[in-house]
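File shown: coords_3.pdb (PDB, C-alpha atoms).
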ATOM      1  CA  MET A   1      17.381  10.280 -24.090
ATOM      2  CA  LYS A   2      13.778  11.569 -24.135
ATOM      3  CA  PRO A   3      12.259  12.737 -20.785
ATOM      4  CA  PHE A   4       9.576  10.030 -20.874
ATOM      5  CA  LEU A   5      12.169   7.311 -21.368
ATOM      6  CA  ARG A   6      14.292   8.699 -18.539
ATOM      7  CA  LEU A   7      11.301   8.700 -16.206
ATOM      8  CA  THR A   8      10.293   5.186 -17.207
ATOM      9  CA  LEU A   9      13.870   3.931 -16.825
ATOM     10  CA  SER A  10      14.024   5.498 -13.364
ATOM     11  CA  ALA A  11      10.861   3.684 -12.359
ATOM     12  CA  VAL A  12      12.217   0.381 -13.670
ATOM     13  CA  ILE A  13      15.453   0.819 -11.717
ATOM     14  CA  LEU A  14      13.529   1.561  -8.525
ATOM     15  CA  PHE A  15      11.288  -1.420  -9.183
ATOM     16  CA  SER A  16      14.201  -3.792  -9.810
ATOM     17  CA  SER A  17      16.119  -2.680  -6.706
ATOM     18  CA  SER A  18      13.042  -3.201  -4.567
ATOM     19  CA  ILE A  19      12.495  -6.687  -5.963
ATOM     20  CA  ALA A  20      16.002  -7.590  -4.868
ATOM     21  CA  PHE A  21      15.411  -6.029  -1.450
ATOM     22  CA  ALA A  22      12.164  -7.959  -1.057
ATOM     23  CA  GLN A  23      13.828 -11.229  -1.953
ATOM     24  CA  GLU A  24      16.462 -10.649   0.707
ATOM     25  CA  GLU A  25      13.713 -10.166   3.311
ATOM     26  CA  ALA A  26      11.677 -13.192   2.207
ATOM     27  CA  THR A  27      10.707 -15.674   4.928
ATOM     28  CA  SER A  28       9.789 -19.339   4.800
ATOM     29  CA  THR A  29       6.898 -19.094   7.295
ATOM     30  CA  LYS A  30       4.004 -21.338   6.255
ATOM     31  CA  ALA A  31       0.765 -19.459   6.840
ATOM     32  CA  ASP A  32      -2.521 -20.883   8.111
ATOM     33  CA  ALA A  33      -5.536 -18.810   7.054
ATOM     34  CA  ALA A  34      -7.870 -20.691   9.419
ATOM     35  CA  LYS A  35      -5.745 -19.691  12.400
ATOM     36  CA  GLY A  36      -5.588 -16.190  10.971
ATOM     37  CA  LYS A  37      -9.383 -15.999  11.038
ATOM     38  CA  ASP A  38      -9.362 -16.852  14.742
ATOM     39  CA  LEU A  39      -6.724 -14.214  15.411
ATOM     40  CA  SER A  40      -8.617 -11.608  13.381
ATOM     41  CA  LYS A  41     -11.183 -11.052  16.146
ATOM     42  CA  THR A  42      -8.981  -8.277  17.531
ATOM     43  CA  CYS A  43      -8.972  -6.576  14.099
ATOM     44  CA  VAL A  44     -12.741  -6.449  13.596
ATOM     45  CA  ALA A  45     -13.410  -3.165  15.421
ATOM     46  CA  CYS A  46     -11.333  -1.164  12.926
ATOM     47  CA  HIS A  47     -11.001  -3.309   9.814
ATOM     48  CA  GLY A  48     -14.306  -5.165   9.814
ATOM     49  CA  ALA A  49     -14.963  -8.883  10.072
ATOM     50  CA  ASP A  50     -13.739  -9.538   6.536
ATOM     51  CA  GLY A  51     -11.141  -6.773   6.322
ATOM     52  CA  ASN A  52     -13.419  -4.210   4.649
ATOM     53  CA  SER A  53     -13.381  -1.291   7.057
ATOM     54  CA  THR A  54     -16.398   0.996   7.133
ATOM     55  CA  ASN A  55     -14.471   3.967   8.522
ATOM     56  CA  PRO A  56     -12.469   5.526   5.650
ATOM     57  CA  ILE A  57      -9.564   6.538   7.881
ATOM     58  CA  TRP A  58      -8.756   2.849   8.406
ATOM     59  CA  PRO A  59      -7.605   0.787   5.432
ATOM     60  CA  LYS A  60      -9.390  -2.033   3.723
ATOM     61  CA  ILE A  61      -7.094  -5.022   4.144
ATOM     62  CA  ALA A  62      -9.369  -7.548   2.478
ATOM     63  CA  GLY A  63      -7.657  -8.811  -0.654
ATOM     64  CA  GLN A  64      -4.438  -7.018   0.210
ATOM     65  CA  ASN A  65      -1.230  -8.809  -0.752
ATOM     66  CA  ALA A  66      -0.251 -11.131   2.084
ATOM     67  CA  SER A  67       3.418 -10.178   1.863
ATOM     68  CA  TYR A  68       2.519  -6.505   2.314
ATOM     69  CA  ILE A  69       0.206  -7.147   5.286
ATOM     70  CA  GLU A  70       2.875  -9.234   6.949
ATOM     71  CA  LYS A  71       5.521  -6.542   6.423
ATOM     72  CA  GLN A  72       3.316  -3.796   7.823
ATOM     73  CA  LEU A  73       2.439  -5.798  10.930
ATOM     74  CA  ASN A  74       6.123  -6.457  11.552
ATOM     75  CA  ASP A  75       6.998  -2.797  10.916
ATOM     76  CA  PHE A  76       4.420  -1.699  13.501
ATOM     77  CA  LYS A  77       5.879  -4.203  15.954
ATOM     78  CA  ILE A  78       9.459  -2.940  15.573
ATOM     79  CA  ASP A  79       8.494   0.748  15.259
ATOM     80  CA  LYS A  80       9.527   1.176  11.637
ATOM     81  CA  ARG A  81       5.950   2.296  11.084
ATOM     82  CA  LYS A  82       4.424   4.196  13.976
ATOM     83  CA  ASP A  83       0.843   4.070  15.200
ATOM     84  CA  PRO A  84      -0.032   3.816  18.916
ATOM     85  CA  LEU A  85      -3.157   1.747  18.299
ATOM     86  CA  MET A  86      -1.462  -0.749  15.987
ATOM     87  CA  LYS A  87       1.597  -0.919  18.221
ATOM     88  CA  GLY A  88      -0.529  -2.228  21.071
ATOM     89  CA  ILE A  89      -2.344  -4.732  18.873
ATOM     90  CA  VAL A  90       0.750  -6.288  17.308
ATOM     91  CA  ALA A  91       2.776  -6.382  20.530
ATOM     92  CA  ALA A  92       1.755  -9.946  21.364
ATOM     93  CA  LEU A  93       1.795 -11.280  17.792
ATOM     94  CA  SER A  94       4.441 -13.793  16.794
ATOM     95  CA  THR A  95       5.924 -14.052  13.309
ATOM     96  CA  GLN A  96       3.621 -17.017  12.706
ATOM     97  CA  ASP A  97       0.590 -15.050  13.918
ATOM     98  CA  MET A  98       1.350 -12.252  11.478
ATOM     99  CA  ALA A  99       1.724 -14.703   8.592
ATOM    100  CA  ASP A 100      -1.580 -16.365   9.512
ATOM    101  CA  LEU A 101      -3.431 -13.054   9.704
ATOM    102  CA  ALA A 102      -1.977 -11.985   6.367
ATOM    103  CA  ALA A 103      -3.096 -15.246   4.770
ATOM    104  CA  TYR A 104      -6.646 -14.819   6.065
ATOM    105  CA  PHE A 105      -7.184 -11.192   5.061
ATOM    106  CA  SER A 106      -5.521 -11.568   1.668
ATOM    107  CA  ALA A 107      -8.041 -14.284   0.809
ATOM    108  CA  GLN A 108     -11.048 -12.019   1.446
ATOM    109  CA  GLY A 109     -12.798 -10.057  -1.276
ATOM    110  CA  THR A 110     -12.286  -6.286  -1.457
ATOM    111  CA  LYS A 111     -15.449  -4.198  -1.635
ATOM    112  CA  PRO A 112     -15.359  -1.712  -4.539
ATOM    113  CA  GLY A 113     -14.398   1.908  -4.012
ATOM    114  CA  VAL A 114     -15.975   4.927  -5.686
ATOM    115  CA  ALA A 115     -13.991   7.726  -7.333
ATOM    116  CA  ASP A 116     -14.848  11.412  -7.663
ATOM    117  CA  GLU A 117     -15.259  11.689 -11.430
ATOM    118  CA  THR A 118     -14.178  15.346 -11.400
ATOM    119  CA  LYS A 119     -10.692  14.289 -10.290
ATOM    120  CA  VAL A 120     -10.259  11.054 -12.215
ATOM    121  CA  GLU A 121      -8.711  12.589 -15.339
ATOM    122  CA  LEU A 122      -5.763  14.108 -13.456
ATOM    123  CA  GLY A 123      -5.493  11.040 -11.234
ATOM    124  CA  ARG A 124      -5.318   8.717 -14.226
ATOM    125  CA  ALA A 125      -2.640  10.863 -15.881
ATOM    126  CA  ILE A 126      -0.419  10.803 -12.793
ATOM    127  CA  TYR A 127      -1.066   7.139 -12.009
ATOM    128  CA  LYS A 128      -0.267   5.939 -15.518
ATOM    129  CA  GLY A 129       2.273   8.483 -16.702
ATOM    130  CA  GLY A 130       3.625  10.419 -13.722
ATOM    131  CA  ASN A 131       4.609  14.057 -14.124
ATOM    132  CA  LEU A 132       7.557  14.700 -16.424
ATOM    133  CA  GLN A 133       8.027  18.283 -15.252
ATOM    134  CA  THR A 134       8.333  17.434 -11.559
ATOM    135  CA  LYS A 135       9.858  13.973 -12.127
ATOM    136  CA  VAL A 136       7.051  12.105 -10.388
ATOM    137  CA  SER A 137       7.193   8.462 -11.469
ATOM    138  CA  ALA A 138       4.068   6.676 -12.684
ATOM    139  CA  CYS A 139       2.286   4.839  -9.863
ATOM    140  CA  SER A 140       1.502   1.963 -12.209
ATOM    141  CA  ALA A 141       5.197   1.053 -12.434
ATOM    142  CA  CYS A 142       5.055  -0.412  -8.935
ATOM    143  CA  HIS A 143       1.354  -0.833  -8.172
ATOM    144  CA  SER A 144       0.482  -2.279 -11.621
ATOM    145  CA  PRO A 145      -1.877  -0.779 -14.212
ATOM    146  CA  THR A 146      -4.855  -2.336 -12.420
ATOM    147  CA  GLY A 147      -3.762  -1.314  -8.917
ATOM    148  CA  GLN A 148      -3.087  -4.858  -7.698
ATOM    149  CA  GLY A 149       0.434  -4.087  -6.526
ATOM    150  CA  ASN A 150       3.319  -6.536  -6.607
ATOM    151  CA  PRO A 151       3.448  -9.221  -3.890
ATOM    152  CA  ALA A 152       7.061 -10.208  -4.642
ATOM    153  CA  ALA A 153       8.257  -6.656  -4.025
ATOM    154  CA  LYS A 154       5.796  -6.187  -1.113
ATOM    155  CA  TYR A 155       4.092  -3.351  -2.965
ATOM    156  CA  PRO A 156       0.461  -3.033  -1.852
ATOM    157  CA  SER A 157      -2.718  -3.332  -3.816
ATOM    158  CA  VAL A 158      -4.307   0.136  -3.984
ATOM    159  CA  SER A 159      -7.393  -0.874  -5.945
ATOM    160  CA  GLY A 160     -10.640   0.105  -4.209
ATOM    161  CA  GLN A 161      -8.889   1.534  -1.151
ATOM    162  CA  HIS A 162     -10.535   4.344   0.842
ATOM    163  CA  VAL A 163      -9.666   7.787  -0.541
ATOM    164  CA  LYS A 164      -9.146   9.334   2.908
ATOM    165  CA  TYR A 165      -6.728   6.593   3.887
ATOM    166  CA  LEU A 166      -4.767   6.885   0.642
ATOM    167  CA  VAL A 167      -4.478  10.665   1.000
ATOM    168  CA  LYS A 168      -3.368  10.318   4.611
ATOM    169  CA  GLN A 169      -0.603   7.876   3.706
ATOM    170  CA  LEU A 170       0.638   9.863   0.715
ATOM    171  CA  GLN A 171       0.768  13.000   2.856
ATOM    172  CA  ALA A 172       2.607  11.051   5.567
ATOM    173  CA  PHE A 173       5.204   9.888   3.037
ATOM    174  CA  LYS A 174       5.455  13.427   1.684
ATOM    175  CA  SER A 175       6.184  14.900   5.133
ATOM    176  CA  GLY A 176       8.439  12.020   6.158
ATOM    177  CA  GLU A 177       6.098  11.085   9.006
ATOM    178  CA  ARG A 178       5.892   7.632   7.467
ATOM    179  CA  ALA A 179       9.271   6.220   6.535
ATOM    180  CA  ASN A 180       8.998   2.447   6.264
ATOM    181  CA  ASP A 181       9.301   2.430   2.483
ATOM    182  CA  ALA A 182      12.446   0.840   1.138
ATOM    183  CA  PRO A 183      14.529   2.342  -0.285
ATOM    184  CA  SER A 184      12.669   5.682   0.247
ATOM    185  CA  ILE A 185      10.649   5.123  -2.920
ATOM    186  CA  MET A 186       7.346   6.531  -1.711
ATOM    187  CA  ARG A 187       8.947   9.451   0.113
ATOM    188  CA  ASP A 188      10.933  10.430  -2.976
ATOM    189  CA  ILE A 189       7.794  10.360  -5.124
ATOM    190  CA  ALA A 190       5.271  11.880  -2.701
ATOM    191  CA  GLU A 191       7.454  14.857  -1.781
ATOM    192  CA  LYS A 192       7.301  15.980  -5.426
ATOM    193  CA  MET A 193       3.522  15.710  -5.650
ATOM    194  CA  SER A 194       1.148  18.625  -5.161
ATOM    195  CA  ASP A 195      -1.847  18.268  -2.844
ATOM    196  CA  ALA A 196      -4.100  18.333  -5.913
ATOM    197  CA  GLU A 197      -2.161  15.462  -7.492
ATOM    198  CA  ILE A 198      -2.332  13.455  -4.264
ATOM    199  CA  ASP A 199      -6.096  13.956  -4.006
ATOM    200  CA  ALA A 200      -6.630  13.061  -7.668
ATOM    201  CA  VAL A 201      -4.445   9.949  -7.570
ATOM    202  CA  ALA A 202      -6.218   8.761  -4.414
ATOM    203  CA  GLU A 203      -9.588   9.134  -6.119
ATOM    204  CA  TYR A 204      -8.375   7.280  -9.204
ATOM    205  CA  MET A 205      -6.909   4.404  -7.182
ATOM    206  CA  SER A 206     -10.094   4.070  -5.154
ATOM    207  CA  GLY A 207     -12.044   3.661  -8.383
ATOM    208  CA  LEU A 208      -9.746   0.938  -9.739
ATOM    209  CA  ASN A 209     -12.010  -2.037  -9.116
TER     210      ASN A 209
END

Encoding of this model in structure tokens:
Amino acid sequence: MKPFLRLTLSAVILFSSSIAFAQEEATSTKADAAKGKDLSKTCVACHGADGNSTNPIWPKIAGQNASYIEKQLNDFKIDKRKDPLMKGIVAALSTQDMADLAAYFSAQGTKPGVADETKVELGRAIYKGGNLQTKVSACSACHSPTGQGNPAAKYPSVSGQHVKYLVKQLQAFKSGERANDAPSIMRDIAEKMSDAEIDAVAEYMSGLN
């Protein structure tokens, strides 16, 4: 079997297993975006009134897949994803609250990101085709060719996201500091990426608008 086919097949297997995992975790909570807007007042300081943060170390959550937002909030609450600031914010949130917040922010429009054109060529190559030599899977296999992610699998949209935030998260997966990916998909990929590849991919994803 050719290397490209092996890499693509590997990505498909990872994708399929995660779909099954996501379906097992699916909930029947009915979300209320209007209530989510009321609850979002505590999120404004970091994420902005509409989910478009102005500080690049904090993620844009406007237009993010609701299933992903909901998962991350729950992971912060149960310490699967660690952040002292978020831990305090989600402490009082119920499952319904998290679903409502996710519904509100996912309905907001994401402000475009801007890529460093000097890094886009490498970023595009890794995002679309991975790295055959180091067995890095293509990002597009899970996050889609346009960067919109996959709500069913709880894979996030990466389109237009802040570069600094993307780099921080990829480095956290690479070091194992962040470990709430199931089943270790992002850690397995990021640990094989060079810092240059991480920077380039982050720039490319930010420019996917």

Non-local contacts of Ile69 (chain A) (12 Å; only C-alpha atoms; under 6 positions in same chain excluded) as a compact mmCIF listing (two decimals) with C-alpha atoms, in the frame of the given file:
# COMPACT_ATOMS: atom_id res chain seq x y z
CA GLY A 51 -11.14 -6.77 6.32
CA PRO A 59 -7.60 0.79 5.43
CA LYS A 60 -9.39 -2.03 3.72
CA ILE A 61 -7.09 -5.02 4.14
CA ALA A 62 -9.37 -7.55 2.48
CA GLY A 63 -7.66 -8.81 -0.65
CA ASP A 75 7.00 -2.80 10.92
CA PHE A 76 4.42 -1.70 13.50
CA ASP A 97 0.59 -15.05 13.92
CA MET A 98 1.35 -12.25 11.48
CA ALA A 99 1.72 -14.70 8.59
CA ASP A 100 -1.58 -16.36 9.51
CA LEU A 101 -3.43 -13.05 9.70
CA ALA A 102 -1.98 -11.98 6.37
CA ALA A 103 -3.10 -15.25 4.77
CA TYR A 104 -6.65 -14.82 6.06
CA PHE A 105 -7.18 -11.19 5.06
CA SER A 106 -5.52 -11.57 1.67
CA ALA A 107 -8.04 -14.28 0.81
CA PRO A 151 3.45 -9.22 -3.89
CA LYS A 154 5.80 -6.19 -1.11
CA TYR A 155 4.09 -3.35 -2.96
CA PRO A 156 0.46 -3.03 -1.85
CA SER A 157 -2.72 -3.33 -3.82

- Give as a ChimeraX atom specification the residues that the PyMOL selection byres ((chain A and resi 159-161) around 6) matches when applied to the coordinates above. /A:112-113,147,157-158,162,205-209

Expressed in Å to a single decimal, how great is the separation between CA of Asn150 (chain A) and CA of Ile78 (chain A)?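 Interatomic distance here is 23.3 Å.
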
Return as a list in words the set of residues that the PyMOL selection byres ((chain A and resi 191) around 9) yields on the displayed structure. Leu170, Gln171, Phe173, Lys174, Ser175, Gly176, Met186, Arg187, Asp188, Ile189, Ala190, Lys192, Met193 and Ser194 of chain A

For region 182-196 of chain A, I'd like the enclosing box, axis-aligned and padded by 4 Å on every side, reported as JSON with centre and edge lengths in Å to one decimal.
{"center_x": 5.2, "center_y": 9.7, "center_z": -2.4, "size_x": 26.6, "size_y": 25.8, "size_z": 15.1}

Given only C-alpha atoms as the counted atoms, nearest of A:Leu93, A:Glu117, A:Arg124, A:Asp79 to Gly36 (chain A):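 Of all the options, A:Leu93 lies closest to Gly36 (chain A).
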
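Rounded to one decimal, CA of Val163 (chain A) and CA of Thr42 (chain A) lie 24.2 Å from each other.
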
- Query: Pick the closest to Gly149 (chain A) from A:Ser53, A:Gln64, A:Gln108, A:Ser40: which is it, counting all atoms listed in the file?
  - Reply: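 Among A:Ser53, A:Gln64, A:Gln108, A:Ser40, it is A:Gln64 that comes nearest to Gly149 (chain A).
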
- Query: With only C-alpha atoms as the atoms that count, which of A:Gln72, A:Asn180, A:Ser140, A:Thr110 lies nearest to Val201 (chain A)?
  - Reply: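 Of A:Gln72, A:Asn180, A:Ser140, A:Thr110, the one nearest Val201 (chain A) is A:Ser140, counting only C-alpha atoms.
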
(Q) To one decimal place in Å, what is the distance between CA of Thr95 (chain A) and CA of Ala172 (chain A)? (A)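 So the two atoms, CA of Thr95 (chain A) and CA of Ala172 (chain A), lie 26.5 Å apart.
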
Nearest candidate to Gln169 (chain A) (options A:Ile57, A:Ile126, A:Leu85, A:Cys46; using only C-alpha atoms) |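 Distance minimum relative to Gln169 (chain A) lands on A:Ile57.
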
Closest of A:Tyr127, A:Pro183, A:Val167, A:Tyr204 to His143 (chain A), counting all atoms listed in the file, is A:Tyr127

Please enumerate the residues selected by the PyMOL selection byres ((chain A and resi 90) around 8) when evaluated against the supplied file, formatted as a list in words.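 Selected by the PyMOL selection byres ((chain A and resi 90) around 8) in this file: Leu73, Asn74, Phe76, Lys77, Met86, Lys87, Gly88, Ile89, Ala91, Ala92 and Leu93 of chain A.
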
Self-check item: Contact residues around Glu203 (chain A) with all atoms listed in the file at 8 Å, ignoring same-chain residues under 3 positions, as a count of residues only
Solution: 11

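Distance check against Asp181 (chain A) using all atoms listed in the file: of A:Lys30, A:Asp38, A:Pro145, A:Tyr68, the minimum falls on A:Tyr68.
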